[in-house]
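Beneath this line is the structure, given in structure tokens, with notes to follow.
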Amino acid sequence: MTGTNELRGEVLDYIGGAWRRPSSDAATEVLNPATGDVIARAPAGSAQDADAAVKAASAAFPEWRLTPPADRIQYLFRLKQLLEDHFEEIARITTTENGKTLSEARGELRRGIENVEVACGIPILMQGYNLEDVATGIDESMFRQPLGVVAAITPFNFPAMIPLWFLPYAIACGNTFVLKPSERVPFSMIRITELIEQTGLPKGVVNIVNGGKNAVDALLDHPSVQAVSFVGSTAVARYIYSRASAAGKRVQCQGGAKNHVVVLPDADRETTTRIIADSAYGCAGQRCLAVSVAVTVGEAGEWFPKSITETAAALKVGSGLEDGVQMGPVITSTSRERIRSLITQGASDGARPILDGRDISLSGWPRGNFVGPTVLDGVPAASSLMETEIFGPVLSVIHASGVDEAMEIIARNSYGNASSIFTTSGAAARKFRNQIPTGNVGVNIGVAAPMAYFPFSGWKGSFFGVLHAQGRDAVEFYTGEKVVIERWPKEWSRRF
Ligand code: NAD
């Protein structure tokens with residue numbers, strides 16, 4: 001059975017160790033993007049349910065914070081094993097609700113599990129530091145302590161991985177956690193939370209509250225929430241950053257992107273084309289690290305548009321659960337229409353759609369949200385498309401006279417999530433790495449996704465805050481630094 005609606009269920013909250021029906025009405029249809037079938041209806045979310053989740057997390061905090069770090073991570077070791085045992089099952093859930101291919105869903109889960117593994121190092125990662133004799137008889141130490149209740153709000157495009165950028169570190173550091181997953185893809189995290197329950201984690205340490213803006217706003221304003229992590233579009237990132245920080249919380253918000261790759265004339269043609277095709281069309285372009293604009297330099301402007309078009313045209317599009325499919329649908333029919341109209345706009349601004357995926361029709365999947373791979377050649381610099389995150393399988397190709405001009409184009413963009421260069425020249429690669437103003441940089445890499453032990457960076461309009469997700473940044477974000485200065489004069493030890 002492939003591509004049929006295997007998943008049905010109710011979108012329940014998980015609060016204080018119990019599964020509960022949300023108090024708000026159903027608002028959003030959870031759809032299988034390949035079939036158009038309704039899987040479930042997700043709640044609008046309510047302040048009341050968010051408050052219940054925060055209260056459960058607050059109640060669990062005092063005991064959890066005093067649980068030794070070495071004991072806290074035992075639950076994560078168990079979770080890691082359960083995720084491995086249920087790997088295929090979770091990947092299928094992700095594909096069914098999100099649309100990405102099964103191999104992409106496996107890839108995302110693998111990257112999520114990496115974060116669980118890294119957080120198991122908390123007894124070392126969370127250590128502070130100290131110095132004896134900062135003055136005569138005086139010692140000074142820095143301890144890292146958990147903050148309390150922390151919340152995360154996550155997007156639709158990585159339903160399993162992105163919550164795991166936060167959850168393992170938050171709880172390993174001794175915080176208690178409330179997740180508000182994307183209302184469009186709630187089931188991957190519902191299944192993972194069932195596995196968390198099987199680890200025996202104390203009730204209230206991890207909670208899920210479903211819904212949209214109602215639930216989010218209640219978390220942003222809640223006096224007991226100490227820190228908020230967010231991943232999603234830039235407009236919402238900006239809103240969440242300002243509202244939660246105005247409420248005195250620690251906030252990290254990862255936003256949208258407009259990623260560029262520069263193709264130099266000396267790049268290896270075959271590898272470059274293959275890697276850029278994967279970056280532009282993998283996950284149907286719905287990755288915050290997907291390349292959106294290829295900037296060709298010199299004679300790369302002659303061969304690259306042809307080679308990328310040939311490779312993109314050969315991609316097999318269909319339901320992500322089908323064998324051999326290389327690109328699935330986009331998330332909703334609204335997204336599909338939006339992407340189609342942006343291609344139309346690019347064409348009317350003067351770009352040539354040398355591969356046009358607007359009218360793709362797949363006989364087996366008449367109600368799926370498919371857009372075919374698209375290449376827009378020669379998008380004018382003045383086109384608003386150059387500043388628009390399309391978030392679909394559309395690659396714009398533009399041309400620059402040299403590497404400096406290519407880098408200026410990237411520097412002018414208001415986003416700063418990722419950029420890459422394709423070249424065999426070490427000098428050009430080094431200059432690019434050193435000077436390009438994006439948080440993640442690839443050299444002959446199409447999707448510059450940091451491993452779990454590095455921060456998932458992002459600059460300019462792609463990130464609001466200081467500390468990023470994953471690795472040491474996550475540990476810093478989820479802990480407060482307490483500095484203790486102690487005086488124990490020599491004379492006081494005379495008694496012994
Ligand atoms: P989104 O901003 O629409 O939604 C993200 C989350 O915010 C969801 O949980 C949603 O319920 C909530 N939300 C939406 N509107 C809200 C509002 N007005 N007030 C309060 N909460 C609101 O994003 P999406 O469409 O789910 O995800 C795609 C976006 O995420 C893209 O822009 C993509 O680039 C970005 N993204 C960024 C990164 C990164 O690391 N920088 C990673 C993945 C995705």
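Ordering of the structure tokens sets the chain letters (A, B, ...); residue numbers start at 1 within each chain; ligands are numbered from 1 in the order shown.
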
Counting only C-alpha atoms and all ligand atoms, which residues in chain A sit no more than 9 Å from ligand 1? For each one, give the nearest pair of atoms and the distance in Å, sorted by chain then residue number, as a Markdown table.
```
| residue | atom | partner | partner_atom_place_in_ligand_line | distance |
| --- | --- | --- | --- | --- |
| A:Ala152 | CA | ligand 1 | 9 (O) | 8.7 |
| A:Ile153 | CA | ligand 1 | 9 (O) | 5.0 |
| A:Thr154 | CA | ligand 1 | 9 (O) | 4.5 |
| A:Pro155 | CA | ligand 1 | 26 (O) | 3.4 |
| A:Phe156 | CA | ligand 1 | 26 (O) | 4.1 |
| A:Asn157 | CA | ligand 1 | 27 (O) | 5.8 |
| A:Phe158 | CA | ligand 1 | 43 (C) | 6.7 |
| A:Ile162 | CA | ligand 1 | 43 (C) | 7.3 |
| A:Lys180 | CA | ligand 1 | 9 (O) | 6.1 |
| A:Pro181 | CA | ligand 1 | 9 (O) | 5.1 |
| A:Ser182 | CA | ligand 1 | 9 (O) | 3.8 |
| A:Glu183 | CA | ligand 1 | 11 (O) | 5.7 |
| A:Arg184 | CA | ligand 1 | 26 (O) | 7.7 |
| A:Val185 | CA | ligand 1 | 26 (O) | 9.0 |
| A:Asn210 | CA | ligand 1 | 11 (O) | 8.5 |
| A:Gly211 | CA | ligand 1 | 11 (O) | 6.5 |
| A:Gly212 | CA | ligand 1 | 11 (O) | 4.0 |
| A:Lys213 | CA | ligand 1 | 20 (C) | 4.0 |
| A:Asn214 | CA | ligand 1 | 20 (C) | 7.3 |
| A:Ala215 | CA | ligand 1 | 21 (N) | 7.9 |
| A:Val216 | CA | ligand 1 | 21 (N) | 5.2 |
| A:Asp217 | CA | ligand 1 | 20 (C) | 6.1 |
| A:Leu220 | CA | ligand 1 | 20 (C) | 9.0 |
| A:Phe230 | CA | ligand 1 | 6 (C) | 7.2 |
| A:Val231 | CA | ligand 1 | 37 (C) | 5.3 |
| A:Gly232 | CA | ligand 1 | 30 (O) | 3.1 |
| A:Ser233 | CA | ligand 1 | 32 (O) | 3.3 |
| A:Thr234 | CA | ligand 1 | 32 (O) | 6.1 |
| A:Ala235 | CA | ligand 1 | 2 (O) | 7.0 |
| A:Val236 | CA | ligand 1 | 2 (O) | 5.0 |
| A:Ala237 | CA | ligand 1 | 2 (O) | 6.8 |
| A:Tyr239 | CA | ligand 1 | 19 (N) | 7.3 |
| A:Ile240 | CA | ligand 1 | 20 (C) | 6.8 |
| A:Cys253 | CA | ligand 1 | 41 (N) | 7.9 |
| A:Gln254 | CA | ligand 1 | 41 (N) | 4.1 |
| A:Gly255 | CA | ligand 1 | 41 (N) | 4.4 |
| A:Gly256 | CA | ligand 1 | 34 (O) | 3.3 |
| A:Ala257 | CA | ligand 1 | 34 (O) | 4.9 |
| A:Lys258 | CA | ligand 1 | 34 (O) | 8.0 |
| A:Gln286 | CA | ligand 1 | 33 (C) | 7.2 |
| A:Arg287 | CA | ligand 1 | 43 (C) | 6.2 |
| A:Cys288 | CA | ligand 1 | 34 (O) | 3.9 |
| A:Leu289 | CA | ligand 1 | 34 (O) | 7.5 |
| A:Ala290 | CA | ligand 1 | 34 (O) | 8.7 |
| A:Ile331 | CA | ligand 1 | 25 (O) | 8.9 |
| A:Glu389 | CA | ligand 1 | 32 (O) | 7.0 |
| A:Ile390 | CA | ligand 1 | 32 (O) | 8.8 |
| A:Phe391 | CA | ligand 1 | 31 (C) | 6.8 |
| A:Asn417 | CA | ligand 1 | 41 (N) | 6.4 |
| A:Phe456 | CA | ligand 1 | 40 (O) | 6.7 |
| A:Ser457 | CA | ligand 1 | 40 (O) | 7.5 |
| A:Gly458 | CA | ligand 1 | 41 (N) | 6.3 |
| A:Ser462 | CA | ligand 1 | 41 (N) | 5.7 |
| A:Phe463 | CA | ligand 1 | 41 (N) | 6.6 |
| A:His468 | CA | ligand 1 | 40 (O) | 9.0 |
| A:Ala469 | CA | ligand 1 | 40 (O) | 8.2 |
```

Looking only at the backbone, which of the residues in segment 251-384 of chain A does DSSP tag as strand (DSSP E), as a PyMOL selection string?
chain A and resi 251-254+259-263+291-297+352-355+374-377

Emit the selected residues as a compact mmCIF listing (two decimals), in the first residue's frame, including N, CA, C and O atoms.
```txt
# COMPACT_ATOMS: atom_id res chain seq x y z
N VAL A 251 14.50 34.70 24.48
CA VAL A 251 13.86 34.26 23.22
C VAL A 251 14.89 33.98 22.13
O VAL A 251 15.88 34.72 22.01
N GLN A 252 14.66 32.93 21.36
CA GLN A 252 15.45 32.65 20.16
C GLN A 252 14.46 32.35 19.04
O GLN A 252 13.60 31.50 19.20
N CYS A 253 14.53 33.08 17.92
CA CYS A 253 13.56 32.89 16.84
C CYS A 253 14.28 32.72 15.51
O CYS A 253 14.95 33.64 15.03
N GLN A 254 14.15 31.54 14.94
CA GLN A 254 14.74 31.27 13.63
C GLN A 254 13.67 31.50 12.58
O GLN A 254 12.57 30.96 12.69
N ASN A 259 17.98 31.60 0.11
CA ASN A 259 19.38 31.14 0.06
C ASN A 259 19.93 31.15 -1.37
O ASN A 259 19.22 30.79 -2.31
N HIS A 260 21.19 31.54 -1.48
CA HIS A 260 21.85 31.62 -2.78
C HIS A 260 22.99 30.60 -2.86
O HIS A 260 23.64 30.32 -1.85
N VAL A 261 23.22 30.12 -4.07
CA VAL A 261 24.49 29.41 -4.33
C VAL A 261 25.19 30.14 -5.47
O VAL A 261 24.54 30.63 -6.39
N VAL A 262 26.51 30.23 -5.36
CA VAL A 262 27.30 30.84 -6.43
C VAL A 262 27.99 29.70 -7.18
O VAL A 262 28.60 28.83 -6.56
N VAL A 263 27.85 29.70 -8.51
CA VAL A 263 28.49 28.66 -9.31
C VAL A 263 29.60 29.32 -10.12
O VAL A 263 29.34 30.15 -11.01
N VAL A 291 18.19 25.95 -1.64
CA VAL A 291 18.67 27.06 -2.47
C VAL A 291 17.49 27.59 -3.28
O VAL A 291 16.68 26.85 -3.81
N SER A 292 17.44 28.92 -3.34
CA SER A 292 16.36 29.58 -4.06
C SER A 292 16.89 30.31 -5.29
O SER A 292 16.19 30.45 -6.28
N VAL A 293 18.15 30.77 -5.20
CA VAL A 293 18.75 31.51 -6.31
C VAL A 293 20.14 30.95 -6.59
O VAL A 293 20.98 30.86 -5.68
N ALA A 294 20.38 30.59 -7.86
CA ALA A 294 21.74 30.21 -8.27
C ALA A 294 22.33 31.39 -9.02
O ALA A 294 21.73 31.89 -9.97
N VAL A 295 23.50 31.84 -8.57
CA VAL A 295 24.17 32.96 -9.23
C VAL A 295 25.35 32.38 -10.02
O VAL A 295 26.30 31.87 -9.41
N THR A 296 25.25 32.41 -11.32
CA THR A 296 26.34 31.84 -12.13
C THR A 296 27.33 32.95 -12.47
O THR A 296 26.95 34.10 -12.69
N VAL A 297 28.59 32.55 -12.52
CA VAL A 297 29.65 33.52 -12.84
C VAL A 297 30.34 33.07 -14.14
O VAL A 297 30.65 31.88 -14.30
N ARG A 352 12.66 33.92 -17.69
CA ARG A 352 12.19 32.89 -18.64
C ARG A 352 12.01 31.59 -17.88
O ARG A 352 12.99 31.05 -17.34
N PRO A 353 10.77 31.06 -17.80
CA PRO A 353 10.59 29.75 -17.14
C PRO A 353 11.09 28.65 -18.07
O PRO A 353 10.33 28.13 -18.88
N ILE A 354 12.39 28.30 -17.97
CA ILE A 354 12.93 27.30 -18.90
C ILE A 354 12.51 25.89 -18.49
O ILE A 354 12.65 24.95 -19.25
N LEU A 355 12.02 25.77 -17.27
CA LEU A 355 11.31 24.54 -16.86
C LEU A 355 10.15 25.04 -16.01
O LEU A 355 10.35 25.79 -15.06
N THR A 374 10.82 23.72 -11.19
CA THR A 374 10.77 24.91 -12.05
C THR A 374 12.12 25.61 -12.06
O THR A 374 12.77 25.70 -11.00
N VAL A 375 12.53 26.08 -13.22
CA VAL A 375 13.75 26.91 -13.32
C VAL A 375 13.35 28.23 -13.98
O VAL A 375 12.80 28.25 -15.09
N LEU A 376 13.62 29.32 -13.28
CA LEU A 376 13.35 30.66 -13.82
C LEU A 376 14.69 31.29 -14.17
O LEU A 376 15.49 31.60 -13.27
N ASP A 377 14.94 31.45 -15.45
CA ASP A 377 16.24 31.97 -15.87
C ASP A 377 16.18 33.49 -16.03
O ASP A 377 15.22 34.02 -16.58
```

field: Which of A:Glu89, A:Asp356, A:Glu302, A:Asp25 sits closest to Pro393 of chain A [using only C-alpha atoms]
entry: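 With only C-alpha atoms as the atom set, the closest residue is A:Asp356.
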
Residue with the minimum atom-to-atom distance to Ile485 of chain A, picked from A:Ile308, A:Val397, A:Ala170, A:Met142 with only C-alpha atoms counted, is A:Met142

Counting only C-alpha atoms, closest pick from A:Ala172, A:Ser242, A:Val466, A:Ala314 relative to Arg65 of chain A is A:Ala172

key: Residues of segment 448-491 of chain A in alpha helix (DSSP H), written as a list in words   =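 Across segment 448-491 of chain A, those assigned alpha helix (DSSP H) are Gly471, Arg472, Asp473, Ala474, Val475, Glu476 and Phe477 of chain A.
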
Rank A:Asn32, A:Gly137, A:Leu79, A:Asp359 by their smallest atom-to-atom distance to Ser493 of chain A, using only C-alpha atoms, and report the top residue only.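 Between A:Asn32, A:Gly137, A:Leu79, A:Asp359, the residue approaching Ser493 of chain A most closely is A:Gly137.
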
Do you know which residues are at most 7 Å from segment 205-209 of chain A counting only C-alpha atoms, after dropping those on the same chain fewer than 3 positions away, and could you put them as a ChimeraX atom specification?
/A:13-16,49-50,53,57,60,176-180,202

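Proximity to Ala448 of chain A was assessed for A:Ser396, A:Ser279, A:Ser188, A:Asn98 counting only C-alpha atoms; the smallest distance is recorded for A:Ser279.
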
Worksheet item: Using only C-alpha atoms, which residues sit within 10 Å of Thr271 of chain A once same-chain residues fewer than 4 positions away are excluded, as a list in words?
Response: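 What passes the distance filter is Ala267, Ile275, Ile276, Ala277, Phe422, Asn444 and Ile445 of chain A.
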
If you count only C-alpha atoms, which residues fall within 12 Å of Ser363 of chain A, apart from same-chain ones fewer than 4 positions away, as a count of residues only? 8

>> Which residues are near Gly107 of chain A? Cut-off 12 Å, only C-alpha atoms, ignore same chain within fewer than 6 positions. Put them as JSON, numbers by chain.
In response: {"A": [87, 88, 90, 91, 92, 94, 95, 100, 101, 113, 114, 158, 160, 161, 282, 283, 449]}

Writing out the chosen residues with N, CA and C atoms as a CSV table (one decimal), in the first residue's frame:
```
chain,number,residue,atom,x,y,z
A,87,PHE,N,11.8,3.7,14.0
A,87,PHE,CA,12.3,4.7,13.0
A,87,PHE,C,11.4,4.7,11.8
A,88,GLU,N,11.1,3.5,11.2
A,88,GLU,CA,10.3,3.5,9.9
A,88,GLU,C,8.9,4.0,10.2
A,90,ILE,N,7.8,6.2,12.3
A,90,ILE,CA,7.7,7.7,12.5
A,90,ILE,C,8.0,8.3,11.1
A,91,ALA,N,8.9,7.8,10.3
A,91,ALA,CA,9.2,8.3,9.0
A,91,ALA,C,8.0,8.3,8.2
A,92,ARG,N,7.2,7.2,8.2
A,92,ARG,CA,6.0,7.1,7.4
A,92,ARG,C,4.9,8.1,7.9
A,94,THR,N,5.6,11.0,9.2
A,94,THR,CA,6.1,12.3,8.7
A,94,THR,C,5.7,12.5,7.2
A,95,THR,N,6.0,11.4,6.4
A,95,THR,CA,5.7,11.5,5.0
A,95,THR,C,4.2,11.7,4.8
A,100,LYS,N,6.8,15.0,2.3
A,100,LYS,CA,8.2,14.8,1.8
A,100,LYS,C,8.4,13.3,1.5
A,101,THR,N,9.4,12.9,0.8
A,101,THR,CA,9.6,11.5,0.5
A,101,THR,C,10.0,10.7,1.7
A,113,ILE,N,17.4,12.6,15.9
A,113,ILE,CA,18.0,11.6,16.9
A,113,ILE,C,19.4,12.1,17.3
A,114,GLU,N,20.1,12.7,16.4
A,114,GLU,CA,21.4,13.2,16.7
A,114,GLU,C,21.4,14.2,17.9
A,158,PHE,N,9.6,20.4,9.1
A,158,PHE,CA,10.4,19.3,9.8
A,158,PHE,C,9.6,18.9,11.0
A,160,ALA,N,9.3,16.3,12.8
A,160,ALA,CA,10.0,15.5,13.9
A,160,ALA,C,11.3,16.1,14.3
A,161,MET,N,12.0,16.6,13.4
A,161,MET,CA,13.4,17.1,13.7
A,161,MET,C,13.4,18.4,14.5
A,282,GLY,N,14.7,19.1,-3.3
A,282,GLY,CA,14.5,18.2,-2.1
A,282,GLY,C,13.4,18.8,-1.2
A,283,CYS,N,12.6,17.9,-0.6
A,283,CYS,CA,11.5,18.4,0.2
A,283,CYS,C,10.6,19.4,-0.5
A,449,ALA,N,23.5,22.2,6.4
A,449,ALA,CA,22.8,22.0,7.6
A,449,ALA,C,23.8,21.6,8.7
```

Min atom-atom distance to Met327 of chain A from the set A:Leu102, A:Ile171, A:Ala218, A:Leu264, counting only C-alpha atoms, belongs to A:Leu102

Correct to one decimal, the distance atom CA of Lys203 of chain A-atom CA of Pro455 of chain A is 29.5 Å

(Q) Excluding segment 144-147 of chain A and its own-chain neighbours fewer than 6 positions away, which residues fall within 6 Å of it when counting only C-alpha atoms? Please give them as a list in words. (A)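 Selected residues are Gly128, Cys173, Gly174, Asn175, Thr479, Gly480 and Glu481 of chain A.
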